[in-house]
file target_13.txt (compact mmCIF, C-alpha atoms (C1' of nucleotides))
# COMPACT_ATOMS: atom_id res chain seq x y z
CA MET A 28 103.31 41.90 83.50
CA PRO A 29 103.54 39.05 81.05
CA GLU A 30 104.08 40.17 77.47
CA LEU A 31 105.41 38.09 74.63
CA PRO A 32 108.84 37.18 76.11
CA GLU A 33 107.34 36.17 79.44
CA VAL A 34 104.58 34.16 77.79
CA GLU A 35 107.15 32.45 75.59
CA VAL A 36 109.13 31.44 78.68
CA VAL A 37 105.97 29.86 80.05
CA ARG A 38 105.24 28.17 76.71
CA ARG A 39 108.67 26.55 76.73
CA GLY A 40 108.07 25.31 80.24
CA LEU A 41 104.74 23.82 79.23
CA GLN A 42 106.32 22.20 76.18
CA ALA A 43 108.95 20.60 78.39
CA TRP A 44 106.74 19.55 81.29
CA VAL A 45 103.23 19.05 79.95
CA ALA A 46 103.44 18.07 76.28
CA GLY A 47 102.70 14.40 75.81
CA ARG A 48 100.95 14.03 79.14
CA THR A 49 97.32 13.15 79.63
CA ILE A 50 94.99 15.34 81.66
CA LEU A 51 93.09 13.33 84.22
CA GLY A 52 90.84 16.07 85.46
CA ALA A 53 90.22 19.75 86.07
CA GLU A 54 89.01 21.45 89.22
CA VAL A 55 87.75 25.02 88.95
CA LEU A 56 88.23 26.93 92.20
CA HIS A 57 87.23 30.35 90.87
CA ARG A 58 84.65 30.61 88.10
CA ARG A 59 85.92 33.88 86.66
CA ALA A 60 89.15 32.12 85.71
CA VAL A 61 87.30 30.01 83.13
CA ARG A 62 85.81 32.32 80.57
CA ARG A 63 83.17 30.32 78.78
CA GLN A 64 82.10 26.95 80.06
CA ALA A 65 83.34 26.72 83.61
CA ASP A 66 81.04 23.81 84.31
CA ASP A 67 82.24 21.86 81.29
CA LEU A 68 85.97 22.27 81.74
CA HIS A 69 86.52 18.94 83.41
CA ALA A 70 84.56 17.05 80.76
CA SER A 71 86.29 18.99 77.97
CA VAL A 72 89.82 18.17 79.02
CA SER A 73 89.85 14.96 81.00
CA GLY A 74 91.25 11.99 79.14
CA ARG A 75 92.80 14.22 76.48
CA THR A 76 96.52 14.33 75.80
CA VAL A 77 98.40 17.59 75.43
CA ALA A 78 99.98 17.51 71.98
CA CYS A 79 102.30 20.49 72.43
CA ALA A 80 102.37 24.08 73.72
CA SER A 81 101.67 26.88 71.22
CA ARG A 82 101.60 30.66 71.41
CA ARG A 83 100.57 33.70 69.43
CA GLY A 84 101.27 37.07 70.97
CA LYS A 85 100.30 36.80 74.64
CA TYR A 86 97.98 33.84 74.16
CA LEU A 87 98.96 30.27 74.91
CA TRP A 88 97.16 27.12 73.90
CA LEU A 89 97.52 23.40 74.37
CA PRO A 90 96.06 21.33 71.51
CA LEU A 91 94.21 18.41 73.10
CA SER A 92 94.37 15.10 71.31
CA ASP A 93 91.95 12.28 71.91
CA GLY A 94 94.51 9.83 70.61
CA THR A 95 93.01 8.97 67.25
CA GLN A 96 92.95 12.25 65.31
CA PRO A 97 94.85 15.51 65.13
CA ALA A 98 93.66 17.78 67.89
CA ALA A 99 90.34 19.48 67.18
CA GLN A 100 90.17 21.33 70.48
CA ALA A 101 92.61 23.33 72.53
CA LEU A 102 92.91 24.61 76.05
CA VAL A 103 93.52 28.36 75.65
CA ALA A 104 95.17 30.53 78.31
CA HIS A 105 95.83 34.23 78.77
CA LEU A 106 97.85 35.29 81.79
CA GLY A 107 96.39 38.79 81.97
CA MET A 108 98.38 40.82 84.45
CA SER A 109 99.14 38.32 87.14
CA GLY A 110 98.35 34.87 85.81
CA GLN A 111 100.76 31.98 86.32
CA LEU A 112 100.85 28.43 85.02
CA LEU A 113 102.79 26.31 87.48
CA ILE A 114 103.89 22.70 87.54
CA GLN A 115 103.49 21.33 91.04
CA PRO A 116 103.70 17.91 92.61
CA VAL A 117 100.50 16.35 93.83
CA GLY A 118 99.96 17.36 97.43
CA ALA A 119 101.79 20.69 97.29
CA ALA A 120 99.98 23.34 99.31
CA ASP A 121 97.46 25.37 97.35
CA GLU A 122 98.64 28.82 96.36
CA PRO A 123 96.57 31.69 97.84
CA HIS A 124 95.17 32.57 94.41
CA LEU A 125 94.88 29.11 92.91
CA ARG A 126 92.04 29.27 90.38
CA VAL A 127 92.19 26.01 88.38
CA ARG A 128 93.93 22.72 89.08
CA PHE A 129 94.62 20.14 86.36
CA THR A 130 95.80 16.72 87.41
CA LEU A 131 98.24 15.10 85.00
CA ALA A 132 99.04 11.49 84.42
CA ASP A 133 102.57 10.16 84.66
CA ALA A 134 104.84 11.77 82.13
CA ARG A 135 105.79 8.33 80.77
CA PRO A 136 102.63 6.26 80.80
CA GLU A 137 104.03 3.77 78.28
CA SER A 138 107.27 3.02 80.10
CA ALA A 139 106.31 -0.27 81.67
CA ASP A 140 109.85 -1.34 82.44
CA HIS A 141 108.90 -2.37 85.93
CA GLY A 142 105.20 -2.50 85.52
CA ASP A 143 104.58 -0.07 88.35
CA THR A 144 103.50 3.52 88.04
CA ASP A 145 105.94 6.15 89.09
CA ALA A 146 103.77 8.20 91.39
CA SER A 147 106.49 10.78 91.90
CA SER A 148 106.18 11.98 88.31
CA ALA A 149 102.44 12.51 88.49
CA GLY A 150 101.68 16.13 89.03
CA GLU A 151 99.46 19.12 88.59
CA LEU A 152 99.27 22.03 86.22
CA ARG A 153 97.93 24.99 88.16
CA PHE A 154 96.51 28.30 87.03
CA VAL A 155 97.16 30.91 89.71
CA ASP A 156 95.98 34.49 89.24
CA GLN A 157 95.81 37.21 91.85
CA ARG A 158 93.99 39.88 89.83
CA THR A 159 91.87 37.56 87.70
CA PHE A 160 92.48 39.47 84.49
CA GLY A 161 93.71 36.23 83.02
CA GLY A 162 91.65 33.21 82.15
CA LEU A 163 91.31 29.82 80.53
CA MET A 164 88.89 28.43 77.97
CA THR A 165 88.53 25.59 75.57
CA ALA A 166 87.96 26.28 71.89
CA PRO A 167 87.94 24.48 68.56
CA LEU A 168 91.06 24.74 66.43
CA VAL A 169 90.64 26.21 62.95
CA ASP A 170 92.99 26.81 60.02
CA ASP A 171 94.96 30.02 60.40
CA GLY A 172 95.26 30.62 56.67
CA ARG A 173 98.99 29.92 56.66
CA GLY A 174 98.99 26.18 57.00
CA GLY A 175 98.75 26.22 60.78
CA ARG A 176 95.98 25.87 63.33
CA ILE A 177 94.72 28.36 65.87
CA PRO A 178 91.89 28.46 68.40
CA GLU A 179 88.99 30.22 66.72
CA VAL A 180 88.42 32.51 69.69
CA ILE A 181 91.78 34.17 69.07
CA ALA A 182 91.75 34.13 65.28
CA HIS A 183 91.45 37.94 65.38
CA ILE A 184 94.83 38.25 67.09
CA ALA A 185 97.54 39.30 64.62
CA PRO A 186 100.80 37.38 64.21
CA ASP A 187 103.58 38.50 66.53
CA PRO A 188 107.14 39.71 65.87
CA MET A 189 108.59 36.23 66.47
CA ASP A 190 106.27 34.58 63.92
CA PRO A 191 108.35 33.43 60.93
CA SER A 192 105.32 33.92 58.69
CA LEU A 193 104.99 37.58 59.67
CA ASP A 194 104.62 39.84 56.62
CA LEU A 195 106.54 42.90 57.78
CA ASP A 196 105.64 45.04 54.79
CA ALA A 197 101.95 44.35 55.35
CA VAL A 198 102.29 45.28 59.02
CA ILE A 199 104.03 48.53 58.12
CA ALA A 200 101.27 49.36 55.65
CA ARG A 201 98.62 48.76 58.30
CA PHE A 202 100.44 50.96 60.79
CA ARG A 203 100.63 53.74 58.23
CA ALA A 204 96.89 53.46 57.66
CA ARG A 205 96.23 54.15 61.33
CA ARG A 206 95.34 57.70 62.33
CA THR A 207 96.33 57.28 65.93
CA GLU A 208 99.38 57.52 68.15
CA ILE A 209 102.18 55.07 67.43
CA LYS A 210 102.13 53.68 70.97
CA ARG A 211 98.43 53.02 70.74
CA ALA A 212 99.05 51.18 67.47
CA LEU A 213 101.87 49.14 69.03
CA LEU A 214 99.50 48.00 71.76
CA ASP A 215 96.76 47.03 69.29
CA GLN A 216 96.87 43.22 69.21
CA SER A 217 94.99 43.09 65.92
CA LEU A 218 97.85 44.89 64.14
CA LEU A 219 100.82 43.09 65.66
CA SER A 220 100.50 41.03 68.80
CA GLY A 221 102.54 40.41 71.90
CA ILE A 222 103.48 44.00 72.76
CA GLY A 223 102.43 45.46 76.10
CA ASN A 224 103.26 48.64 77.96
CA ILE A 225 106.79 47.61 78.93
CA TYR A 226 108.14 46.57 75.54
CA ALA A 227 106.27 49.36 73.75
CA ASP A 228 108.14 51.90 75.88
CA GLU A 229 111.46 50.07 75.47
CA ALA A 230 111.14 49.84 71.68
CA LEU A 231 110.11 53.50 71.39
CA TRP A 232 113.11 54.50 73.50
CA ARG A 233 115.45 52.49 71.28
CA ALA A 234 113.89 54.02 68.18
CA ARG A 235 114.02 57.52 69.73
CA LEU A 236 110.35 58.03 69.04
CA HIS A 237 107.74 59.58 71.31
CA GLY A 238 104.66 57.42 71.68
CA SER A 239 102.35 60.28 70.75
CA ARG A 240 103.73 60.50 67.23
CA LEU A 241 101.05 59.85 64.66
CA ALA A 242 101.48 56.35 63.24
CA SER A 243 100.39 57.43 59.77
CA ALA A 244 102.98 60.21 59.77
CA LEU A 245 105.94 57.87 60.21
CA ARG A 246 107.88 56.92 57.13
CA PRO A 247 108.07 53.22 56.25
CA ALA A 248 111.77 53.08 57.03
CA VAL A 249 111.13 54.55 60.48
CA LEU A 250 108.41 52.02 61.16
CA ARG A 251 110.65 49.25 59.92
CA GLY A 252 113.31 50.37 62.36
CA LEU A 253 110.84 50.57 65.23
CA LEU A 254 109.50 47.09 64.58
CA GLY A 255 113.07 45.85 64.41
CA HIS A 256 113.64 47.28 67.87
CA VAL A 257 110.48 45.59 69.11
CA ARG A 258 111.75 42.25 67.95
CA GLU A 259 115.26 42.83 69.23
CA VAL A 260 114.24 43.91 72.73
CA MET A 261 111.89 40.95 72.99
CA GLU A 262 114.61 38.52 71.96
CA GLN A 263 116.99 40.00 74.51
CA ALA A 264 114.34 39.80 77.21
CA LEU A 265 113.67 36.19 76.32
CA GLU A 266 117.35 35.39 76.81
CA GLN A 267 117.07 36.79 80.34
CA GLY A 268 113.99 34.76 81.16
CA GLY A 269 111.67 37.75 80.78
CA THR A 270 110.96 40.78 82.95
CA SER A 271 109.93 40.32 86.58
CA PHE A 272 109.25 43.12 89.04
CA ASP A 273 107.87 40.89 91.74
CA ALA A 274 106.62 37.36 92.25
CA LEU A 275 103.65 37.92 89.93
CA TYR A 276 105.51 36.83 86.84
CA VAL A 277 107.38 33.54 87.07
CA ASN A 278 108.01 30.56 84.82
CA VAL A 279 106.32 27.20 85.30
CA ASN A 280 108.80 26.38 88.04
CA GLY A 281 108.22 29.61 89.93
CA GLN A 282 111.41 31.37 88.88
CA SER A 283 111.71 35.05 87.92
CA GLY A 284 113.41 36.58 84.88
CA TYR A 285 116.07 39.25 84.98
CA PHE A 286 115.37 41.63 82.11
CA ASP A 287 114.16 44.31 84.53
CA ARG A 288 117.86 45.13 84.97
CA SER A 289 118.09 45.96 81.30
CA LEU A 290 115.09 48.28 81.05
CA ARG A 291 116.04 51.72 79.74
CA ALA A 292 112.72 53.56 79.87
CA TYR A 293 109.91 51.63 81.55
CA GLY A 294 109.82 52.33 85.27
CA GLN A 295 112.94 54.51 85.07
CA GLU A 296 111.33 57.85 85.97
CA GLY A 297 113.94 60.36 87.13
CA ARG A 298 116.91 58.15 86.29
CA PRO A 299 119.31 59.34 83.61
CA CYS A 300 118.75 58.27 80.04
CA GLN A 301 121.49 55.78 79.16
CA ARG A 302 122.17 57.69 75.94
CA CYS A 303 122.13 61.35 76.94
CA GLY A 304 121.75 61.55 80.71
CA THR A 305 118.48 63.45 80.59
CA PRO A 306 116.11 62.21 83.30
CA ILE A 307 113.49 59.79 82.06
CA ARG A 308 110.06 61.35 82.32
CA ARG A 309 106.73 59.78 83.11
CA GLU A 310 103.50 60.76 81.39
CA ARG A 311 99.94 59.54 81.52
CA PHE A 312 98.88 57.91 78.31
CA MET A 313 95.88 55.71 77.60
CA ASN A 314 95.14 55.73 81.32
CA ARG A 315 98.52 54.22 82.18
CA SER A 316 102.12 55.33 82.57
CA SER A 317 104.50 55.95 79.71
CA PHE A 318 108.22 56.47 80.20
CA SER A 319 110.50 58.22 77.75
CA CYS A 320 113.53 60.44 77.45
CA GLY A 321 112.68 64.13 77.18
CA ARG A 322 115.60 64.75 74.90
CA CYS A 323 115.92 61.66 72.70
CA GLN A 324 112.18 61.23 72.24
CA ARG A 325 110.73 64.55 71.19
CA PRO A 326 106.97 64.88 71.43
CA PRO A 327 105.29 65.63 68.12
CA SER A 328 104.44 69.17 67.12
CA ARG A 329 100.79 69.97 67.55
CA SER A 330 100.08 69.74 63.86
CA THR A 331 101.20 66.12 63.68
CA SER A 332 99.98 64.98 67.04
CA ALA A 333 96.99 62.70 67.23
CA THR A 334 96.14 64.34 70.53
CA ALA A 335 96.02 67.81 69.00
CA GLY A 336 92.70 69.56 68.98
CA PRO A 337 90.18 69.35 66.15
CA PRO A 338 91.13 70.70 62.75
CA ALA A 339 91.06 74.45 62.37
CA GLU A 340 87.99 76.10 60.91
CA GLY A 341 87.83 75.87 57.17
CA ARG A 342 89.33 72.42 57.13
CA VAL A 343 87.43 69.52 55.66
CA THR A 344 85.83 67.48 58.39
CA PRO A 345 84.89 63.80 58.11
CA HIS A 346 81.29 63.34 57.09
CA ARG A 347 78.85 61.89 59.54
CA SER A 348 76.31 59.28 58.65
CA SER A 349 73.68 61.09 60.64
CA GLY A 350 73.27 64.55 62.02
CA GLY A 351 75.10 65.17 65.23
CA THR A 352 72.95 65.41 68.32
CA ARG A 353 74.91 68.28 69.64
C1' DC B 30 84.05 50.97 60.09
C1' DA B 31 87.52 53.24 62.90
C1' DT B 32 88.73 55.04 67.07
C1' DA B 33 88.42 56.26 72.10
C1' DG B 34 87.11 55.40 76.64
C1' DA B 35 85.19 52.62 80.50
C1' DT B 36 85.54 48.47 82.85
C1' DC B 37 87.08 44.43 85.41
C1' DC B 38 90.22 42.94 89.82
C1' DT B 39 93.13 42.93 94.27
C1' DG B 40 97.58 43.50 96.68
C1' DT B 41 100.82 47.02 97.57
C1' DA B 42 102.29 51.67 98.18
C1' DT B 43 101.43 56.29 99.45
C1' DG B 44 99.16 60.27 101.71
C1' DC B 45 96.74 62.70 105.24
C1' DT C 26 97.95 53.99 113.61
C1' DG C 27 94.29 53.84 110.46
C1' DC C 28 91.69 54.76 106.72
C1' DA C 29 91.24 56.34 101.95
C1' DT C 30 93.09 56.64 97.58
C1' DA C 31 96.21 55.66 93.68
C1' DC C 32 98.31 52.34 90.93
C1' DA C 33 99.57 48.23 88.14
C1' DG C 34 97.13 47.21 82.93
C1' DG C 35 95.22 43.50 78.63
C1' DA C 36 91.27 42.57 76.45
C1' DT C 37 86.53 43.31 75.84
C1' DC C 38 82.56 45.91 75.57
C1' DT C 39 80.21 50.21 74.61
C1' DA C 40 79.85 54.76 72.71
C1' DT C 41 80.61 58.12 69.21
call {"tool": "encode", "arguments": {"input": "target_13.txt", "output": "structure tokens"}}
result
Amino acid sequence: MPELPEVEVVRRGLQAWVAGRTILGAEVLHRRAVRRQADDLHASVSGRTVACASRRGKYLWLPLSDGTQPAAQALVAHLGMSGQLLIQPVGAADEPHLRVRFTLADARPESADHGDTDASSAGELRFVDQRTFGGLMTAPLVDDGRGGRIPEVIAHIAPDPMDPSLDLDAVIARFRARRTEIKRALLDQSLLSGIGNIYADEALWRARLHGSRLASALRPAVLRGLLGHVREVMEQALEQGGTSFDALYVNVNGQSGYFDRSLRAYGQEGRPCQRCGTPIRRERFMNRSSFSCGRCQRPPSRSTSATAGPPAEGRVTPHRSSGGTR
DNA sequence: CATAGATCCTGTATGC
DNA sequence: TGCATACAGGATCTAT
């Protein structure tokens, strides 16, 4: 499941293989894969040159230059659960779940040493997605408020742990203002982006925190430590090429990462905790699985759990704007 | 406004 | 063997 490290691996591949190349055309094979203007995709991208490959959290985008001005538009991509962006030679067999095909001009259109075009370097950028939770769209680029540019459709996505402009103190303050479980807050992309179920569980394991702890009940130093673990585990995963459980996550050349060998909590149900030997347990949380150590990661007491029942009688209850219909 | 839950999607694994 | 069900889960939409 692509989270920040996996998406960053893909971004680097796009930077190496697609940046500087001109898009000749787009063919949409599955409409759901293009979120807004499926009919306009070809017209929106053809003839434009990919300036670079950018990322925030789990979103990727390719600023598209028309050659005369800084890019005003970008091709935005989210891999969802099973999306892949692959570089393929022209003529390669279509993948079973090929959704969008972009044809790319020669990587070196200006190298006229011999005057002939090098057909072997022409190629395709393909969006392949089995479960169609991912998608592409084009969007105008707007100022991000920090001197950078971002597609306006993802302006609500918070900076991620790898962003050098991240204001850690501000993030900690926002976490502390949340009256919800810490894992739920970690997964909220408007607070801090790039974290999914895998790295949330890994960071919580490293911090020895149970995901049901109330975010607002954690001291700033504890949150600082947790966010440090988030960043550290993501950096380590990136060094391993990301986490792959199967062929659903691969880089632009179809290769898998190896961080699954280093997972300590996610998917480790029944295996001994690497710290204390207690079997890793699995719990349902937010309609998905959560993995944690029953000894190192103590669940909160009822009084500090966000999943605890309603306040006892006599407690002050939040006011309602209108009378309840109950 | 803040928070919680439903929903989309399909290949693979599991159970009876 | 075959069919039904569970599961993976990020972002968006809806409800409270």
call {"tool": "atom_distance", "arguments": {"input": "target_13.txt", "atom1": "C1' of DG35 in chain C", "atom2": "CA of Leu214 in chain A"}}
result
9.3 Å
call {"tool": "residues_near_point", "arguments": {"input": "target_13.txt", "point": "(111.9, 25.6, 77.7)", "cutoff": "12 Å", "atoms": "only C-alpha atoms (C1' of nucleotides)", "output": "PyMOL selection string"}}
result
chain A and resi 33-46+80+265-266+268+278-280
call {"tool": "closest_atom_pairs", "arguments": {"input": "target_13.txt", "of": "chain C", "to": "chain A", "cutoff": "9 Å", "atoms": "all atoms listed in the file", "output": "Markdown table"}}
result
| residue | atom | partner | partner_atom | distance |
| --- | --- | --- | --- | --- |
| C:DC32 | C1' | A:Arg315 | CA | 9.0 |
| C:DA33 | C1' | A:Met108 | CA | 8.4 |
| C:DG34 | C1' | A:Met108 | CA | 6.7 |
| C:DG35 | C1' | A:Gly107 | CA | 5.9 |
| C:DA36 | C1' | A:Gly107 | CA | 8.4 |
call {"tool": "atom_distance", "arguments": {"input": "target_13.txt", "atom1": "CA of Cys303 in chain A", "atom2": "CA of Arg325 in chain A"}}
result
13.2 Å
call {"tool": "closest_atom_pairs", "arguments": {"input": "target_13.txt", "of": "chain B", "to": "chain A", "cutoff": "10 Å", "atoms": "all atoms listed in the file", "output": "JSON lines"}}
result
{"residue": "B:DA31", "atom": "C1'", "partner": "A:Arg205", "partner_atom": "CA", "distance": 8.9}
{"residue": "B:DT32", "atom": "C1'", "partner": "A:Thr207", "partner_atom": "CA", "distance": 8.0}
{"residue": "B:DA33", "atom": "C1'", "partner": "A:Met313", "partner_atom": "CA", "distance": 9.3}
{"residue": "B:DG34", "atom": "C1'", "partner": "A:Met313", "partner_atom": "CA", "distance": 8.8}
{"residue": "B:DC37", "atom": "C1'", "partner": "A:Phe160", "partner_atom": "CA", "distance": 7.4}
{"residue": "B:DC38", "atom": "C1'", "partner": "A:Arg158", "partner_atom": "CA", "distance": 4.9}
{"residue": "B:DT39", "atom": "C1'", "partner": "A:Arg158", "partner_atom": "CA", "distance": 5.5}
{"residue": "B:DG40", "atom": "C1'", "partner": "A:Gln157", "partner_atom": "CA", "distance": 8.1}
call {"tool": "decode", "arguments": {"input": "target_13.txt", "residues": "range 302-314 of chain A", "atoms": "N, CA and C atoms", "output": "tab-separated table (two decimals), in the first residue's frame"}}
result
chain	number	residue	atom	x	y	z
A	302	ARG	N	11.04	-6.38	21.00
A	302	ARG	CA	11.58	-5.81	22.24
A	302	ARG	C	11.38	-6.74	23.42
A	303	CYS	N	10.15	-7.30	23.55
A	303	CYS	CA	9.85	-8.03	24.78
A	303	CYS	C	9.37	-9.45	24.55
A	304	GLY	N	9.17	-9.85	23.32
A	304	GLY	CA	8.78	-11.23	23.04
A	304	GLY	C	7.29	-11.51	23.15
A	305	THR	N	6.54	-10.55	23.63
A	305	THR	CA	5.09	-10.73	23.71
A	305	THR	C	4.50	-10.79	22.30
A	306	PRO	N	3.59	-11.70	22.06
A	306	PRO	CA	3.03	-11.79	20.70
A	306	PRO	C	2.34	-10.49	20.29
A	307	ILE	N	2.57	-10.10	19.06
A	307	ILE	CA	1.90	-8.93	18.51
A	307	ILE	C	0.43	-9.25	18.34
A	308	ARG	N	-0.41	-8.35	18.77
A	308	ARG	CA	-1.85	-8.57	18.67
A	308	ARG	C	-2.42	-7.76	17.50
A	309	ARG	N	-3.61	-8.21	17.11
A	309	ARG	CA	-4.31	-7.52	16.01
A	309	ARG	C	-5.67	-7.09	16.53
A	310	GLU	N	-6.02	-5.85	16.26
A	310	GLU	CA	-7.31	-5.31	16.69
A	310	GLU	C	-7.96	-4.60	15.53
A	311	ARG	N	-9.28	-4.53	15.57
A	311	ARG	CA	-10.00	-3.76	14.57
A	311	ARG	C	-10.05	-2.31	15.03
A	312	PHE	N	-9.75	-1.43	14.11
A	312	PHE	CA	-9.72	-0.02	14.44
A	312	PHE	C	-10.03	0.77	13.18
A	313	MET	N	-10.99	1.65	13.24
A	313	MET	CA	-11.36	2.44	12.06
A	313	MET	C	-11.64	1.52	10.88
A	314	ASN	N	-12.28	0.39	11.17
A	314	ASN	CA	-12.67	-0.53	10.10
A	314	ASN	C	-11.47	-1.13	9.36
